[in-house]
Amino acid sequence: MKIAIIYATTEGQTRRICRFCADKLVDDGHAVELLAAADGDDLNLGRFDAAILAASVHVGAYQAGMRAFVENHAAALAGRRTLFLSVSLAAAGDDPDELAELDAIADRFFRDTGWRPDRVAQVAGAFRFTQYDFFRSWAMRWIASRKGEEVDPHADKEYTDWDALHAVLHDWSAGSDGEAPG
């Protein structure tokens with residue numbers, strides 16, 4: 001397949017996740033184009049068999065650039081096989097209320113943009129203390145402490161489960177995830 005991977009990122013973990021996806025899909029014999037959502041205004045999705053979109057949750061919503069991309073390309077996305085990767089720190093946990101909230105955030109995004117992907121995967125993100133300003137670092141340390149997490153405010157801490165993400169990619173690209181293409 002020829003696959004477009006479009007992402008929106010704040011501190012860079014979603015871009016890192018998408019680079020991993022691109023590498024694994026190329027290893028599996030697919031052609032891949034990786035693009036930031038902000039650079040995708042004139043992207044012709046008709047050139048692709050499938051698309052993976054990825055964005056991270058911040059304060060209950062995805063980046064505005066991803067929202068604009070999806071709104072502009074909803075019709076073209078509906079015509080191909082799609083996977084949406086929702087990246088967040090909450091996905092690293094097992095709190096049923098937080099996981100339900102992640103699903104609600106995604107559902108609201110799909111309803112508001114008029115697009116629903118074939119599959120959604122919740123992917124754990126990272127604390128990116130090397131990217132935070134003073135106030136964001138303080139807020140993230142407070143969030144970590146409320147969860148009982150030990151973090152070093154001078155180092156990043158990654159929660160992404162790369163093996164699980166690879167399994168999602170493999171199942172989706174092989175069509176064995178129980179979903180019919182686009």
# chains A, B, ... in the order shown; residues from 1 in each chain; ligands from 1
>>> residues_around(residues="Leu35 of chain A", least_positions_apart="5", cutoff="9 Å", atoms="only C-alpha atoms", output="JSON list (two decimals) with all heavy atoms, in the first residue's frame")
[["chain", "number", "residue", "atom", "x", "y", "z"],
["A", 4, "ALA", "N", -0.15, 7.53, 3.58],
["A", 4, "ALA", "CA", 0.18, 8.87, 4.09],
["A", 4, "ALA", "C", 0.10, 8.82, 5.60],
["A", 4, "ALA", "O", -0.86, 8.28, 6.16],
["A", 4, "ALA", "CB", -0.81, 9.90, 3.54],
["A", 5, "ILE", "N", 1.11, 9.37, 6.26],
["A", 5, "ILE", "CA", 1.08, 9.51, 7.72],
["A", 5, "ILE", "C", 1.12, 11.00, 8.01],
["A", 5, "ILE", "O", 2.09, 11.68, 7.68],
["A", 5, "ILE", "CB", 2.25, 8.78, 8.40],
["A", 5, "ILE", "CG1", 2.24, 7.29, 8.08],
["A", 5, "ILE", "CG2", 2.19, 9.02, 9.92],
["A", 5, "ILE", "CD1", 3.39, 6.51, 8.68],
["A", 6, "ILE", "N", 0.04, 11.49, 8.59],
["A", 6, "ILE", "CA", -0.10, 12.91, 8.89],
["A", 6, "ILE", "C", -0.15, 13.06, 10.41],
["A", 6, "ILE", "O", -0.92, 12.36, 11.08],
["A", 6, "ILE", "CB", -1.38, 13.50, 8.25],
["A", 6, "ILE", "CG1", -1.33, 13.55, 6.72],
["A", 6, "ILE", "CG2", -1.58, 14.93, 8.69],
["A", 6, "ILE", "CD1", -1.40, 12.31, 6.00],
["A", 7, "TYR", "N", 0.62, 14.00, 10.95],
["A", 7, "TYR", "CA", 0.67, 14.14, 12.40],
["A", 7, "TYR", "C", 0.62, 15.60, 12.83],
["A", 7, "TYR", "O", 0.95, 16.51, 12.07],
["A", 7, "TYR", "CB", 1.93, 13.49, 12.98],
["A", 7, "TYR", "CG", 3.20, 14.19, 12.54],
["A", 7, "TYR", "CD1", 3.72, 15.24, 13.29],
["A", 7, "TYR", "CD2", 3.86, 13.83, 11.38],
["A", 7, "TYR", "CE1", 4.86, 15.90, 12.89],
["A", 7, "TYR", "CE2", 5.00, 14.48, 10.97],
["A", 7, "TYR", "CZ", 5.50, 15.52, 11.73],
["A", 7, "TYR", "OH", 6.63, 16.18, 11.32],
["A", 40, "GLY", "N", -0.10, 20.16, 5.21],
["A", 40, "GLY", "CA", -0.90, 19.31, 4.34],
["A", 40, "GLY", "C", -2.07, 19.96, 3.64],
["A", 40, "GLY", "O", -2.94, 19.26, 3.13]]
>>> residues_around(residues="Ser86 of chain A", least_positions_apart="2", cutoff="6 Å", atoms="only C-alpha atoms", output="list in words")
Ala54, Ala55, Ser56, Gln122 and Val123 of chain A
>>> write_last_selection(atoms="N, CA and C atoms", output="CSV table (one decimal), in the first residue's frame")
chain,number,residue,atom,x,y,z
A,54,ALA,N,-2.3,11.1,13.3
A,54,ALA,CA,-1.9,11.0,14.7
A,54,ALA,C,-1.8,12.4,15.3
A,55,ALA,N,-2.4,12.6,16.5
A,55,ALA,CA,-2.4,13.8,17.2
A,55,ALA,C,-2.4,13.5,18.7
A,56,SER,N,-1.9,14.5,19.5
A,56,SER,CA,-1.9,14.3,20.9
A,56,SER,C,-2.9,15.1,21.6
A,122,GLN,N,-5.3,4.1,21.1
A,122,GLN,CA,-4.8,5.0,22.1
A,122,GLN,C,-3.4,4.7,22.4
A,123,VAL,N,-2.5,5.6,22.2
A,123,VAL,CA,-1.0,5.4,22.4
A,123,VAL,C,-0.5,6.3,23.5
>>> atom_distance(atom1="atom CA of Asn44 of chain A", atom2="atom CA of Leu77 of chain A")
10.5 Å
>>> residues_around(residues="Leu83 of chain A", least_positions_apart="2", cutoff="9 Å", atoms="only C-alpha atoms", output="number ranges by chain")
A: 50-54, 81, 85, 117-121, 169, 172
>>> closest_residue(among="A:Ala126, A:Gln131, A:Phe84, A:Trp142", to="Asp107 of chain A", atoms="only C-alpha atoms")
A:Phe84
>>> residues_around(residues="Ala124 of chain A", least_positions_apart="3", cutoff="10 Å", atoms="only C-alpha atoms", output="list in words")
Gln13, Thr14, Ile17, Ser56, Leu85, Ser86, Val87, Ser88, Leu89, Ala90, Ala91, Ala92, Gly93, Ala121, Glu158, Tyr159, Thr160, Asp161, Trp162 and Leu165 of chain A
>>> select_by_dssp(residues="chain A", states="strand (DSSP E)", output="ChimeraX atom specification")
/A:2-7,31-36,50-56,81-88,119-124,126-127,157-158
>>> atom_distance(atom1="atom CA of Trp115 of chain A", atom2="atom CA of Val70 of chain A")
7.2 Å
>>> select_by_dssp(residues="segment 92-177 of chain A", states="helix (DSSP H, G or I)", output="ChimeraX atom specification")
/A:92,96-113,129-131,134-146,162-174
>>> write_last_selection(atoms="C-alpha atoms", output="CSV table (one decimal), in the first residue's frame")
chain,number,residue,atom,x,y,z
A,92,ALA,CA,-0.2,4.8,29.8
A,96,PRO,CA,-11.2,3.4,33.5
A,97,ASP,CA,-12.5,6.9,33.9
A,98,GLU,CA,-9.4,8.4,32.1
A,99,LEU,CA,-9.5,5.9,29.3
A,100,ALA,CA,-13.3,6.6,28.8
A,101,GLU,CA,-12.5,10.3,28.7
A,102,LEU,CA,-9.9,9.6,25.9
A,103,ASP,CA,-12.5,7.8,23.9
A,104,ALA,CA,-14.9,10.7,24.5
A,105,ILE,CA,-12.3,13.2,23.3
A,106,ALA,CA,-11.7,11.2,20.1
A,107,ASP,CA,-15.5,10.7,19.5
A,108,ARG,CA,-16.1,14.5,19.9
A,109,PHE,CA,-13.2,15.2,17.5
A,110,PHE,CA,-14.7,12.8,14.9
A,111,ARG,CA,-18.2,14.2,15.3
A,112,ASP,CA,-17.0,17.8,15.0
A,113,THR,CA,-14.8,17.2,12.0
A,129,PHE,CA,10.7,18.0,30.3
A,130,THR,CA,13.5,19.0,27.9
A,131,GLN,CA,10.8,20.8,25.8
A,134,PHE,CA,9.1,26.5,33.6
A,135,PHE,CA,5.3,26.7,34.1
A,136,ARG,CA,4.6,23.6,32.0
A,137,SER,CA,7.3,21.7,33.7
A,138,TRP,CA,5.8,22.6,37.1
A,139,ALA,CA,2.3,21.5,35.9
A,140,MET,CA,3.6,18.2,34.5
A,141,ARG,CA,5.5,17.4,37.7
A,142,TRP,CA,2.3,18.1,39.7
A,143,ILE,CA,0.3,15.8,37.4
A,144,ALA,CA,3.0,13.1,37.7
A,145,SER,CA,3.0,13.4,41.5
A,146,ARG,CA,-0.8,13.0,41.7
A,162,TRP,CA,6.6,0.3,20.9
A,163,ASP,CA,5.8,-3.4,20.6
A,164,ALA,CA,2.1,-2.8,21.1
A,165,LEU,CA,2.2,0.0,18.5
A,166,HIS,CA,4.0,-2.3,16.0
A,167,ALA,CA,1.3,-4.9,16.5
A,168,VAL,CA,-1.5,-2.3,15.9
A,169,LEU,CA,0.3,-1.2,12.7
A,170,HIS,CA,0.8,-4.8,11.5
A,171,ASP,CA,-2.8,-5.8,12.1
A,172,TRP,CA,-4.2,-2.6,10.5
A,173,SER,CA,-2.0,-2.7,7.4
A,174,ALA,CA,-2.6,-6.5,6.9
>>> residues_around(residues="Gly46 of chain A", least_positions_apart="5", cutoff="10 Å", atoms="only C-alpha atoms", output="list in words")
Ala76, Leu77, Gly79 and Arg80 of chain A
>>> write_last_selection(atoms="C-alpha atoms", output="compact mmCIF listing (two decimals), in the first residue's frame")
# COMPACT_ATOMS: atom_id res chain seq x y z
CA ALA A 76 -10.90 12.16 0.84
CA LEU A 77 -10.15 10.40 4.13
CA GLY A 79 -12.57 7.08 0.74
CA ARG A 80 -9.57 5.16 2.05
>>> closest_residue(among="A:Ala8, A:Ala36, A:Leu45, A:Cys18", to="Gln63 of chain A", atoms="only C-alpha atoms")
A:Ala8
>>> residues_around(residues="Lys2 of chain A", least_positions_apart="6", cutoff="9 Å", atoms="only C-alpha atoms", output="CSV table (one decimal) with N, CA, C and O atoms, in the first residue's frame")
chain,number,residue,atom,x,y,z
A,30,HIS,N,5.6,-1.4,2.4
A,30,HIS,CA,4.7,-0.3,2.0
A,30,HIS,C,5.5,1.0,1.7
A,30,HIS,O,6.6,1.2,2.2
A,31,ALA,N,4.9,1.8,0.8
A,31,ALA,CA,5.5,3.1,0.5
A,31,ALA,C,4.8,4.1,1.5
A,31,ALA,O,3.6,4.1,1.6
A,32,VAL,N,5.6,5.0,2.1
A,32,VAL,CA,5.1,5.9,3.1
A,32,VAL,C,5.5,7.3,2.8
A,32,VAL,O,6.7,7.5,2.5
A,33,GLU,N,4.6,8.3,3.1
A,33,GLU,CA,4.9,9.7,3.1
A,33,GLU,C,4.5,10.2,4.4
A,33,GLU,O,3.4,10.1,4.8
A,47,ARG,N,-3.7,10.1,-4.0
A,47,ARG,CA,-2.4,9.4,-4.4
A,47,ARG,C,-2.2,8.2,-3.4
A,47,ARG,O,-1.3,7.4,-3.7
A,48,PHE,N,-2.9,8.1,-2.4
A,48,PHE,CA,-2.7,7.1,-1.3
A,48,PHE,C,-3.8,6.1,-1.2
A,48,PHE,O,-5.0,6.4,-1.4
A,49,ASP,N,-3.4,4.9,-0.8
A,49,ASP,CA,-4.4,3.8,-0.6
A,49,ASP,C,-4.9,3.9,0.8
A,49,ASP,O,-6.0,3.4,1.1
A,50,ALA,N,-4.1,4.5,1.7
A,50,ALA,CA,-4.5,4.5,3.2
A,50,ALA,C,-3.9,5.7,3.8
A,50,ALA,O,-2.9,6.3,3.3
A,51,ALA,N,-4.4,6.0,5.0
A,51,ALA,CA,-3.8,7.1,5.8
A,51,ALA,C,-3.8,6.8,7.3
A,51,ALA,O,-4.8,6.2,7.8
>>> atom_distance(atom1="atom CA of Tyr62 of chain A", atom2="atom CA of Ala37 of chain A")
11.7 Å
>>> closest_residue(among="A:Asp42, A:Glu149, A:Asp133, A:Asp95", to="Glu11 of chain A", atoms="only C-alpha atoms")
A:Asp133
